[in-house]
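Visitor: Sending over input.txt (compact mmCIF, C-alpha atoms).
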# COMPACT_ATOMS: atom_id res chain seq x y z
CA MET A 136 122.42 142.62 181.45
CA ALA A 137 119.64 144.93 182.62
CA ASN A 138 116.25 144.61 180.98
CA ARG A 139 115.53 146.93 178.10
CA ASP A 140 112.14 148.61 177.98
CA ALA A 141 112.06 147.61 174.31
CA VAL A 142 114.19 146.24 171.51
CA VAL A 143 113.41 147.36 167.97
CA VAL A 144 114.42 144.87 165.28
CA GLY A 145 115.01 146.53 161.92
CA ALA A 146 116.23 150.07 161.21
CA GLY A 147 114.11 150.94 158.19
CA PRO A 148 111.58 153.80 158.39
CA ALA A 149 109.25 151.80 160.66
CA GLY A 150 111.98 150.78 163.10
CA LEU A 151 113.44 154.28 163.17
CA GLY A 152 109.98 155.73 163.83
CA ALA A 153 109.46 153.33 166.73
CA ALA A 154 112.90 153.87 168.26
CA LEU A 155 112.66 157.65 167.99
CA MET A 156 109.25 157.80 169.65
CA LEU A 157 110.27 155.40 172.43
CA ALA A 158 113.50 157.27 173.14
CA ARG A 159 111.79 160.64 173.21
CA ALA A 160 109.30 159.21 175.71
CA GLY A 161 112.19 158.22 177.99
CA ALA A 162 112.20 154.49 177.31
CA ASP A 163 115.41 152.46 177.44
CA VAL A 164 115.43 151.20 173.85
CA THR A 165 117.91 149.40 171.61
CA LEU A 166 117.56 149.46 167.83
CA VAL A 167 119.38 146.69 165.93
CA ASP A 168 119.88 145.95 162.25
CA ALA A 169 122.29 143.79 160.27
CA ALA A 170 122.85 146.54 157.70
CA SER A 171 125.73 148.97 158.02
CA GLU A 172 123.54 152.07 157.73
CA PRO A 173 119.95 152.90 158.74
CA GLY A 174 117.04 153.11 156.34
CA GLY A 175 116.46 149.61 154.97
CA LEU A 176 115.76 150.19 151.27
CA CYS A 177 115.46 153.94 151.96
CA VAL A 178 119.14 154.66 151.53
CA THR A 179 121.07 157.05 149.32
CA ARG A 180 124.09 155.61 147.55
CA ARG A 181 127.02 157.53 146.13
CA SER A 182 129.30 156.65 143.26
CA ALA A 183 131.39 158.53 140.69
CA GLY A 184 130.24 161.89 142.04
CA PHE A 185 126.53 161.04 141.87
CA ALA A 186 124.06 160.42 144.69
CA TYR A 187 120.92 158.36 144.09
CA ASP A 188 118.26 156.55 146.08
CA LEU A 189 117.38 152.89 145.71
CA GLY A 190 114.19 153.62 143.80
CA GLY A 191 111.32 155.97 144.52
CA HIS A 192 110.69 156.66 148.21
CA ILE A 193 108.43 159.70 148.40
CA PRO A 194 107.38 160.83 151.90
CA PHE A 195 103.66 161.36 151.23
CA VAL A 196 102.81 164.02 153.82
CA ARG A 197 99.08 164.21 154.56
CA ASP A 198 98.83 166.62 157.49
CA ASP A 199 100.44 169.70 159.00
CA ALA A 200 101.62 167.85 162.12
CA ARG A 201 103.70 165.41 160.06
CA LEU A 202 105.09 168.22 157.95
CA ALA A 203 106.14 170.07 161.13
CA TRP A 204 107.75 166.84 162.42
CA LEU A 205 109.75 166.55 159.20
CA ARG A 206 110.84 170.17 159.37
CA VAL A 207 112.15 169.73 162.90
CA LEU A 208 114.27 166.80 161.70
CA MET A 209 115.42 168.24 158.37
CA GLY A 210 115.37 172.01 158.85
CA ASP A 211 116.22 173.79 155.60
CA ASP A 212 117.06 170.45 153.96
CA LEU A 213 113.38 169.67 153.31
CA ARG A 214 112.51 170.70 149.74
CA TRP A 215 109.21 171.13 147.97
CA VAL A 216 109.25 169.48 144.53
CA ASP A 217 106.51 171.15 142.49
CA ARG A 218 105.96 168.41 139.94
CA PRO A 219 103.94 165.20 140.29
CA VAL A 220 105.08 161.79 139.15
CA ALA A 221 104.56 161.60 135.38
CA CYS A 222 103.85 158.75 132.98
CA TRP A 223 104.43 157.86 129.33
CA ARG A 224 101.11 157.88 127.50
CA ASP A 225 100.17 158.10 123.84
CA GLY A 226 103.76 158.70 122.81
CA ARG A 227 104.58 161.51 125.25
CA ILE A 228 105.21 162.28 128.91
CA VAL A 229 102.07 163.51 130.69
CA PRO A 230 101.58 164.74 134.28
CA GLY A 231 100.37 162.23 136.86
CA ARG A 232 100.75 158.51 137.36
CA TYR A 233 98.77 156.01 135.32
CA LEU A 234 96.46 155.73 138.32
CA ASP A 235 95.95 159.50 138.25
CA GLN A 236 94.58 159.49 134.70
CA ARG A 237 90.79 159.73 134.37
CA PRO A 238 88.24 158.79 131.71
CA GLY A 239 86.57 161.56 129.74
CA ARG A 240 83.16 160.85 131.22
CA PRO A 241 81.84 159.28 134.43
CA VAL A 242 81.24 155.55 134.53
CA ALA A 243 78.69 153.47 136.41
CA LEU A 244 80.00 151.90 139.60
CA GLY A 245 80.07 148.13 139.78
CA GLU A 246 80.27 145.83 142.76
CA PRO A 247 83.68 145.21 144.41
CA ASP A 248 85.00 141.67 143.98
CA GLY A 249 88.24 141.78 145.98
CA THR A 250 90.50 142.16 142.95
CA ALA A 251 92.41 145.14 141.60
CA GLU A 252 90.56 144.66 138.31
CA GLY A 253 87.21 144.99 140.08
CA GLU A 254 88.31 147.89 142.31
CA LEU A 255 89.63 149.96 139.42
CA GLY A 256 86.92 148.89 136.98
CA ARG A 257 84.09 150.00 139.25
CA ARG A 258 85.71 153.42 139.62
CA PHE A 259 86.82 154.15 136.09
CA GLY A 260 85.25 151.57 133.80
CA PRO A 261 86.80 148.29 132.56
CA ARG A 262 87.78 149.60 129.14
CA PHE A 263 89.63 152.62 130.52
CA VAL A 264 91.40 150.44 133.08
CA ASP A 265 92.45 147.91 130.44
CA VAL A 266 93.98 150.61 128.25
CA THR A 267 95.43 153.01 130.83
CA MET A 268 96.13 151.23 134.12
CA ARG A 269 96.41 147.51 133.55
CA PRO A 270 99.67 147.44 131.52
CA TYR A 271 101.68 149.32 134.16
CA LEU A 272 100.37 147.48 137.22
CA GLU A 273 100.84 144.10 135.58
CA LYS A 274 104.35 145.07 134.49
CA ILE A 275 105.26 146.05 138.07
CA ASP A 276 103.74 143.05 139.85
CA GLY A 277 104.11 140.39 137.17
CA LEU A 278 100.50 139.29 137.63
CA PRO A 279 97.17 139.89 135.89
CA LEU A 280 94.94 142.44 137.64
CA GLU A 281 92.48 139.65 138.37
CA ARG A 282 95.02 138.18 140.83
CA ILE A 283 96.15 141.43 142.50
CA PRO A 284 94.25 142.36 145.71
CA ALA A 285 91.82 145.26 145.58
CA GLU A 286 93.49 146.72 148.67
CA ARG A 287 96.73 147.19 146.77
CA ALA A 288 94.97 149.20 144.08
CA ARG A 289 93.11 151.27 146.67
CA ARG A 290 96.27 152.14 148.56
CA LEU A 291 98.15 153.13 145.44
CA LEU A 292 95.23 155.28 144.35
CA GLU A 293 94.57 157.03 147.63
CA ASP A 294 97.69 156.86 149.79
CA GLN A 295 100.36 157.59 147.21
CA ALA A 296 98.79 160.36 145.17
CA ALA A 297 100.72 163.63 145.01
CA PRO A 298 99.03 165.61 142.22
CA GLU A 299 100.67 168.95 143.05
CA GLY A 300 104.12 167.74 144.08
CA PHE A 301 105.77 166.45 147.23
CA HIS A 302 108.26 167.24 149.99
CA PHE A 303 111.63 165.56 149.75
CA PRO A 304 114.90 165.62 151.72
CA GLU A 305 117.69 167.60 150.08
CA GLY A 306 120.38 165.11 149.17
CA GLY A 307 118.15 162.02 149.05
CA ILE A 308 115.86 159.90 151.22
CA GLY A 309 118.86 158.57 153.14
CA ARG A 310 119.25 162.02 154.71
CA LEU A 311 115.88 161.60 156.45
CA MET A 312 116.84 158.14 157.70
CA ASP A 313 120.17 159.45 159.01
CA ALA A 314 118.40 162.35 160.72
CA MET A 315 115.96 159.98 162.43
CA ALA A 316 118.77 157.73 163.64
CA ALA A 317 120.72 160.72 164.95
CA ALA A 318 117.65 162.10 166.73
CA ALA A 319 116.99 158.70 168.31
CA ARG A 320 120.57 158.53 169.59
CA GLU A 321 120.34 162.08 170.90
CA ALA A 322 117.17 161.13 172.78
CA GLY A 323 118.99 158.22 174.43
CA ALA A 324 118.40 155.22 172.14
CA GLU A 325 121.16 152.70 171.55
CA VAL A 326 121.49 152.19 167.78
CA ARG A 327 123.45 149.08 166.83
CA MET A 328 124.06 148.73 163.10
CA SER A 329 125.93 145.81 161.50
CA THR A 330 124.34 143.64 164.18
CA ALA A 331 122.21 140.66 163.19
CA VAL A 332 119.53 139.14 165.37
CA GLU A 333 120.22 135.49 166.14
CA ALA A 334 116.97 134.67 167.93
CA ILE A 335 113.82 136.16 169.42
CA GLU A 336 113.16 134.22 172.61
CA VAL A 337 109.45 133.58 173.19
CA PRO A 338 109.14 130.67 175.66
CA LYS A 339 105.51 129.78 176.39
CA GLY A 340 104.32 132.44 173.94
CA ALA A 341 105.79 135.45 175.77
CA LEU A 342 108.81 137.55 174.81
CA HIS A 343 111.80 137.19 177.14
CA ALA A 344 114.80 138.45 175.16
CA VAL A 345 116.34 139.25 171.80
CA ARG A 346 119.63 137.49 171.15
CA LEU A 347 122.22 139.14 168.91
CA ALA A 348 124.92 137.59 166.71
CA ASP A 349 127.39 140.39 167.34
CA GLY A 350 130.79 138.67 167.27
CA ASP A 351 131.17 138.81 171.05
CA GLY A 352 129.83 135.33 171.65
CA GLY A 353 126.31 136.66 171.26
CA THR A 354 124.64 139.33 173.37
CA ARG A 355 121.32 138.63 175.04
CA LEU A 356 119.02 141.65 175.51
CA PRO A 357 116.36 140.80 178.12
CA THR A 358 113.13 142.68 177.38
CA ARG A 359 109.38 142.29 177.61
CA HIS A 360 108.67 144.27 174.45
CA ALA A 361 110.01 143.98 170.90
CA VAL A 362 108.99 146.01 167.90
CA ILE A 363 109.42 143.89 164.79
CA ALA A 364 110.19 146.22 161.89
CA MET A 365 111.28 143.59 159.40
CA PRO A 366 109.33 141.21 157.15
CA ALA A 367 107.12 139.01 159.32
CA GLY A 368 108.19 135.82 157.56
CA ALA A 369 111.86 136.55 158.22
CA ALA A 370 111.09 137.38 161.86
CA ALA A 371 109.16 134.13 162.27
CA ARG A 372 112.30 132.23 161.29
CA LEU A 373 114.11 133.81 164.27
CA LEU A 374 111.65 132.64 166.92
CA ALA A 375 112.88 130.36 169.68
CA PRO A 376 111.17 128.02 170.15
CA ALA A 377 110.67 127.73 166.41
CA ALA A 378 107.42 128.69 164.72
CA PRO A 379 105.55 126.04 162.71
CA GLY A 380 107.33 125.23 159.48
CA SER A 381 104.43 126.47 157.37
CA LEU A 382 105.16 130.01 158.63
CA THR A 383 108.83 129.99 157.69
CA ARG A 384 108.88 128.50 154.20
CA GLY A 385 108.67 131.86 152.50
CA VAL A 386 106.56 133.10 149.59
CA PRO A 387 107.39 134.17 146.02
CA MET A 388 109.08 137.55 145.94
CA ARG A 389 109.29 140.24 143.28
CA ALA A 390 112.80 141.37 142.38
CA VAL A 391 114.06 144.67 141.01
CA CYS A 392 117.22 145.72 139.21
CA ILE A 393 117.97 149.42 139.59
CA VAL A 394 120.16 150.60 136.73
CA VAL A 395 121.89 153.95 137.32
CA LEU A 396 123.24 155.72 134.26
CA ALA A 397 125.11 159.03 133.97
CA VAL A 398 125.00 161.52 131.11
CA ASP A 399 127.04 164.68 130.58
CA ARG A 400 124.01 166.95 130.32
CA GLU A 401 122.35 169.24 132.86
CA ARG A 402 119.06 167.31 132.62
CA LEU A 403 117.39 164.61 130.57
CA SER A 404 113.93 165.90 131.52
CA ARG A 405 112.25 168.07 134.13
CA GLU A 406 110.44 165.09 135.70
CA PRO A 407 111.41 163.61 139.07
CA TRP A 408 109.80 160.26 138.18
CA ILE A 409 108.34 158.84 134.98
CA GLN A 410 106.28 155.64 134.89
CA VAL A 411 106.58 153.57 131.70
CA ASP A 412 104.13 150.78 130.86
CA LEU A 413 105.57 149.76 127.47
CA PRO A 414 106.43 146.04 127.51
CA GLU A 415 109.44 146.53 125.22
CA VAL A 416 111.05 148.95 127.72
CA PRO A 417 112.91 146.99 130.43
CA PHE A 418 112.25 149.54 133.19
CA SER A 419 108.92 150.55 134.71
CA ARG A 420 110.03 153.77 136.40
CA ALA A 421 112.74 156.30 135.64
CA PHE A 422 113.88 158.78 138.25
CA GLU A 423 116.28 161.71 137.82
CA PRO A 424 117.63 162.67 141.27
CA ALA A 425 118.82 166.13 140.24
CA ASN A 426 115.19 167.06 139.55
CA TRP A 427 114.34 166.86 143.24
CA SER A 428 117.74 167.71 144.68
CA PRO A 429 120.23 169.44 142.34
CA ARG A 430 123.25 168.68 144.51
CA MET A 431 122.82 164.94 143.87
CA SER A 432 124.64 165.34 140.54
CA PRO A 433 127.86 167.21 139.71
CA GLU A 434 127.69 170.35 137.61
CA GLY A 435 127.13 169.65 133.94
CA ALA A 436 125.98 166.09 134.42
CA THR A 437 122.94 164.14 135.56
CA SER A 438 122.11 160.59 136.57
CA ILE A 439 118.97 158.60 135.91
CA GLY A 440 117.81 155.54 137.81
CA LEU A 441 115.79 152.90 136.00
CA GLU A 442 113.71 150.41 138.01
CA CYS A 443 113.38 147.06 136.24
CA TYR A 444 110.92 144.70 137.98
CA CYS A 445 111.42 141.01 137.42
CA ARG A 446 111.91 137.57 139.00
CA ALA A 447 115.27 136.66 140.51
CA ALA A 448 115.74 133.69 138.21
CA PRO A 449 118.37 132.98 135.53
CA GLY A 450 115.71 132.62 132.83
CA ASP A 451 114.08 135.97 133.53
CA PRO A 452 114.64 138.31 130.56
CA VAL A 453 115.72 141.14 132.88
CA TRP A 454 117.40 139.42 135.83
CA GLY A 455 119.29 137.07 133.53
CA LEU A 456 121.05 139.89 131.65
CA PRO A 457 124.60 140.84 132.68
CA ASP A 458 124.86 144.37 134.07
CA GLU A 459 126.39 145.89 130.93
CA GLU A 460 123.74 144.37 128.66
CA LEU A 461 120.89 145.48 130.91
CA ALA A 462 122.34 148.99 131.06
CA ALA A 463 122.64 149.11 127.27
CA ALA A 464 119.03 147.97 126.84
CA CYS A 465 117.88 150.71 129.23
CA ALA A 466 119.92 153.36 127.39
CA ARG A 467 118.41 152.30 124.06
CA ALA A 468 114.90 152.65 125.53
CA LEU A 469 115.73 156.15 126.81
CA ALA A 470 116.58 157.06 123.22
CA GLU A 471 113.78 155.18 121.49
CA PRO A 472 110.87 155.24 122.18
CA LEU A 473 111.18 157.77 125.03
CA GLY A 474 113.32 160.31 123.19
CA LEU A 475 115.23 161.43 126.30
CA LEU A 476 118.62 160.60 124.77
CA ASP A 477 119.90 161.40 121.29
CA ASP A 478 122.54 158.68 121.41
CA PRO A 479 122.39 155.65 123.75
CA ALA A 480 126.20 155.59 123.76
CA ALA A 481 126.15 158.91 125.63
CA ALA A 482 124.96 157.12 128.77
CA ARG A 483 127.57 155.41 130.92
CA LEU A 484 126.89 152.86 133.61
CA VAL A 485 127.32 153.95 137.22
CA GLU A 486 125.89 150.90 138.98
CA VAL A 487 123.32 148.12 138.79
CA VAL A 488 121.76 147.32 142.16
CA ARG A 489 120.02 143.94 142.25
CA LEU A 490 117.40 143.36 144.95
CA PRO A 491 116.25 139.73 144.68
CA ARG A 492 113.57 140.07 147.39
CA ALA A 493 112.11 143.55 146.97
CA TYR A 494 108.56 142.70 148.09
CA PRO A 495 106.16 139.73 148.24
CA VAL A 496 104.33 139.08 144.99
CA PRO A 497 100.82 140.43 145.77
CA ASP A 498 99.00 137.36 144.51
CA LEU A 499 95.53 136.71 145.94
CA ALA A 500 96.40 133.02 145.82
CA GLN A 501 99.20 133.49 148.37
CA MET A 502 97.76 136.19 150.64
CA ASP A 503 96.96 133.68 153.40
CA ALA A 504 100.57 132.51 153.35
CA ILE A 505 101.83 136.10 153.41
CA ARG A 506 99.59 137.05 156.36
CA ALA A 507 100.10 133.92 158.46
CA PRO A 508 103.51 134.86 159.97
CA ALA A 509 102.21 138.29 161.01
CA ALA A 510 99.17 136.75 162.66
CA TRP A 511 101.37 134.29 164.55
CA LEU A 512 103.75 137.02 165.74
CA THR A 513 101.00 139.32 166.98
CA ALA A 514 99.61 136.51 169.11
CA LEU A 515 102.87 136.45 171.11
CA GLU A 516 102.90 138.48 174.31
CA GLY A 517 105.17 141.52 174.05
CA VAL A 518 105.64 141.37 170.27
CA HIS A 519 104.49 144.43 168.29
CA LEU A 520 104.60 144.56 164.50
CA ALA A 521 105.59 147.68 162.56
CA PRO A 522 105.08 146.64 158.93
CA GLY A 523 107.02 148.41 156.22
CA SER A 524 105.24 150.30 153.46
CA ALA A 525 105.57 153.73 151.89
CA VAL A 526 107.91 155.99 153.90
CA ILE A 527 105.47 157.96 156.06
CA GLU A 528 103.08 155.04 156.47
CA ALA A 529 105.98 152.90 157.71
CA ILE A 530 107.09 155.58 160.17
CA GLU A 531 103.54 155.80 161.47
CA ALA A 532 103.35 152.02 161.83
CA GLY A 533 106.49 152.20 163.97
CA GLU A 534 104.97 154.95 166.07
CA ARG A 535 101.79 152.92 166.63
CA ALA A 536 103.89 149.97 167.79
CA ALA A 537 105.86 152.29 170.10
CA ALA A 538 102.61 153.69 171.52
CA ALA A 539 101.47 150.14 172.30
CA VAL A 540 104.76 149.49 174.13
CA LEU A 541 104.44 152.71 176.14
CA ALA A 542 100.84 151.92 177.02
CA GLY A 543 101.73 148.38 178.06
CA ALA A 544 99.04 147.31 175.63
CA GLY A 545 98.58 144.11 173.70
CA PRO A 546 100.19 143.51 170.31
CA SER A 547 99.74 145.97 167.49
CA ALA A 548 97.55 145.07 164.53
CA PRO A 549 99.03 142.49 162.13
CA ASP A 550 100.23 143.49 158.70
CA ASP A 551 97.66 142.79 155.98
CA GLY A 552 100.50 141.61 153.77
CA VAL A 553 99.67 143.90 150.82
CA PRO A 554 102.84 145.62 149.53
CA HIS A 555 102.79 149.39 149.02
CA ILE A 556 105.45 149.79 146.36
CA SER A 557 104.15 151.66 143.32
Would you encode the structure as structure tokens?
Guide:
Amino acid sequence: MANRDAVVVGAGPAGLGAALMLARAGADVTLVDAASEPGGLCVTRRSAGFAYDLGGHIPFVRDDARLAWLRVLMGDDLRWVDRPVACWRDGRIVPGRYLDQRPGRPVALGEPDGTAEGELGRRFGPRFVDVTMRPYLEKIDGLPLERIPAERARRLLEDQAAPEGFHFPEGGIGRLMDAMAAAAREAGAEVRMSTAVEAIEVPKGALHAVRLADGDGGTRLPTRHAVIAMPAGAAARLLAPAAPGSLTRGVPMRAVCIVVLAVDRERLSREPWIQVDLPEVPFSRAFEPANWSPRMSPEGATSIGLECYCRAAPGDPVWGLPDEELAAACARALAEPLGLLDDPAAARLVEVVRLPRAYPVPDLAQMDAIRAPAAWLTALEGVHLAPGSAVIEAIEAGERAAAAVLAGAGPSAPDDGVPHIS
């Protein structure tokens, strides 16, 4: 088989961004992913007449060039949602995330210490952080702030703020992923879904081929460049010859259960997303798709997605609940304390989506283990990492990797291992 200019492994936002840029530049590129549809976690599911995303995937647009790029892909299907993410505070829903709230008076800056506690405390004061920000971040990550990296707090503060609102694809984030895949195909890329990678051949530290487990006895794609748009630890397990065992053992992962409920009402609220830090409420974020794209719910009804972060273990108080019990607990919380439902029985279960490995637990104690596979991969000739993160940041990571391929440059910068989920 003829050499490919590049093979892109993983069809999430980063892989799609890389494949689209390479194809538009005239490269012979193949994009492969074991999933049946593009997007990774950025997919839009449909059930019982409702459409809903797998959690919150806001494209945080920071410049006019990126906005123009999105408009070319989406046309009239790019909407402006004129409300920020909200949060539950002092018994009511208030505008802005917990990280967008501010103390009533300035505080003295302290010295950074590498932790989220120190990063937030030096900006807003320890007392304000303890009351306003700590409960939510610890509920999401399952760790005390003292063990969460400062970089995670900084990114959430600065990279994922949308105080005036945000642009969003009509019909869900999956529409953007589908549009990127279609544009890549139109530009000449080969997009192979439902195709797992069996091995990444790197004899003597240089990429020679990507081998697929495609049901045809395996297809070998000779290439000198691969963009790795999947978790670095999982990619390290595909290397042939094998990477050192310490790179492939894996690290603790945070899980999430996304509970989707339907109610026969036009709306439960006006908010696209609501963050909830209360420990007695099983979910940390609630999103109502009809509030950013009305056609995602049938007339006279709405759905609400509830993101419950947890550990994928039988003893976990969230993960261990059967779907019906978890849904009932979420419906009760929507009624009391949130007051969004009059009667919990009015909510019916659409689906519970369980993601046992949503993102690595951002524990300072395991950051070296998280970063090690990425560092090993970037040392291999012809291997370029495109780490996943928030939607636009992931697309841009893919584009940087593609630019390195087109320039014939060395490997792209390794992932710092800090998750971007908020």
Visitor: Within 12 Å of Ser381 (chain A), counting all atoms listed in the file, which residues qualify if same-chain residues fewer than 3 places away don't, as a ChimeraX atom specification?
Guide: /A:368,371-372,377-378,384-386,503-508,511
Visitor: Select, from A:Leu189, A:Phe303, A:Glu252, A:His519, the residue with the minimum atom-to-atom distance to Ala493 (chain A), counting only C-alpha atoms.
Guide: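 Between A:Leu189, A:Phe303, A:Glu252, A:His519, the residue approaching Ala493 (chain A) most closely is A:Leu189.
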Visitor: Would you kindly identify which residues have an atom no farther than 6 Å from (118.0, 134.1, 172.3), using all atoms listed in the file and the file's own coordinates, and write them out as a list in words?
Guide: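 Checked against the point, the hits come out as Ala334, Ile335, Glu336, Val345 and Arg346 of chain A.
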Visitor: Put those residues in a file: C-alpha atoms, as an mmCIF file, in the frame of the given file.
Guide:
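To be explicit, this is the file written out as result19.cif:
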data_model
loop_
_atom_site.group_PDB
_atom_site.id
_atom_site.type_symbol
_atom_site.label_atom_id
_atom_site.label_comp_id
_atom_site.auth_asym_id
_atom_site.auth_seq_id
_atom_site.Cartn_x
_atom_site.Cartn_y
_atom_site.Cartn_z
ATOM 1 C CA ALA A 334 116.970 134.670 167.930
ATOM 2 C CA ILE A 335 113.820 136.160 169.420
ATOM 3 C CA GLU A 336 113.160 134.220 172.610
ATOM 4 C CA VAL A 345 116.340 139.250 171.800
ATOM 5 C CA ARG A 346 119.630 137.490 171.150
#
Visitor: What lies within 7 Å of Pro495 (chain A) using only C-alpha atoms, ignoring chain neighbours under 2 positions off, as a list in words?
Guide: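 Surrounding residues, per the criterion: Val386, Pro387, Met388, Arg389, Pro497 and Pro554 of chain A.
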Visitor: Can you measure CA of Glu325 (chain A) to CA of Thr165 (chain A) for me? One decimal in Å is fine.
Guide: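 Calculated distance between CA of Glu325 (chain A) and CA of Thr165 (chain A) is 4.6 Å.
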Visitor: Please indicate the distance in Å from CA of Pro491 (chain A) to CA of Cys222 (chain A), rounded to one decimal place.
Guide: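 Rounded to one decimal, the two atoms are 25.5 Å apart.
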Visitor: Measuring between all atoms listed in the file, which one of A:Pro407, A:Pro376, A:Gly249, A:Pro338 shows the shortest distance to Arg232 (chain A)?
Guide: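 Using all atoms listed in the file, Arg232 (chain A) sits closest to A:Pro407.
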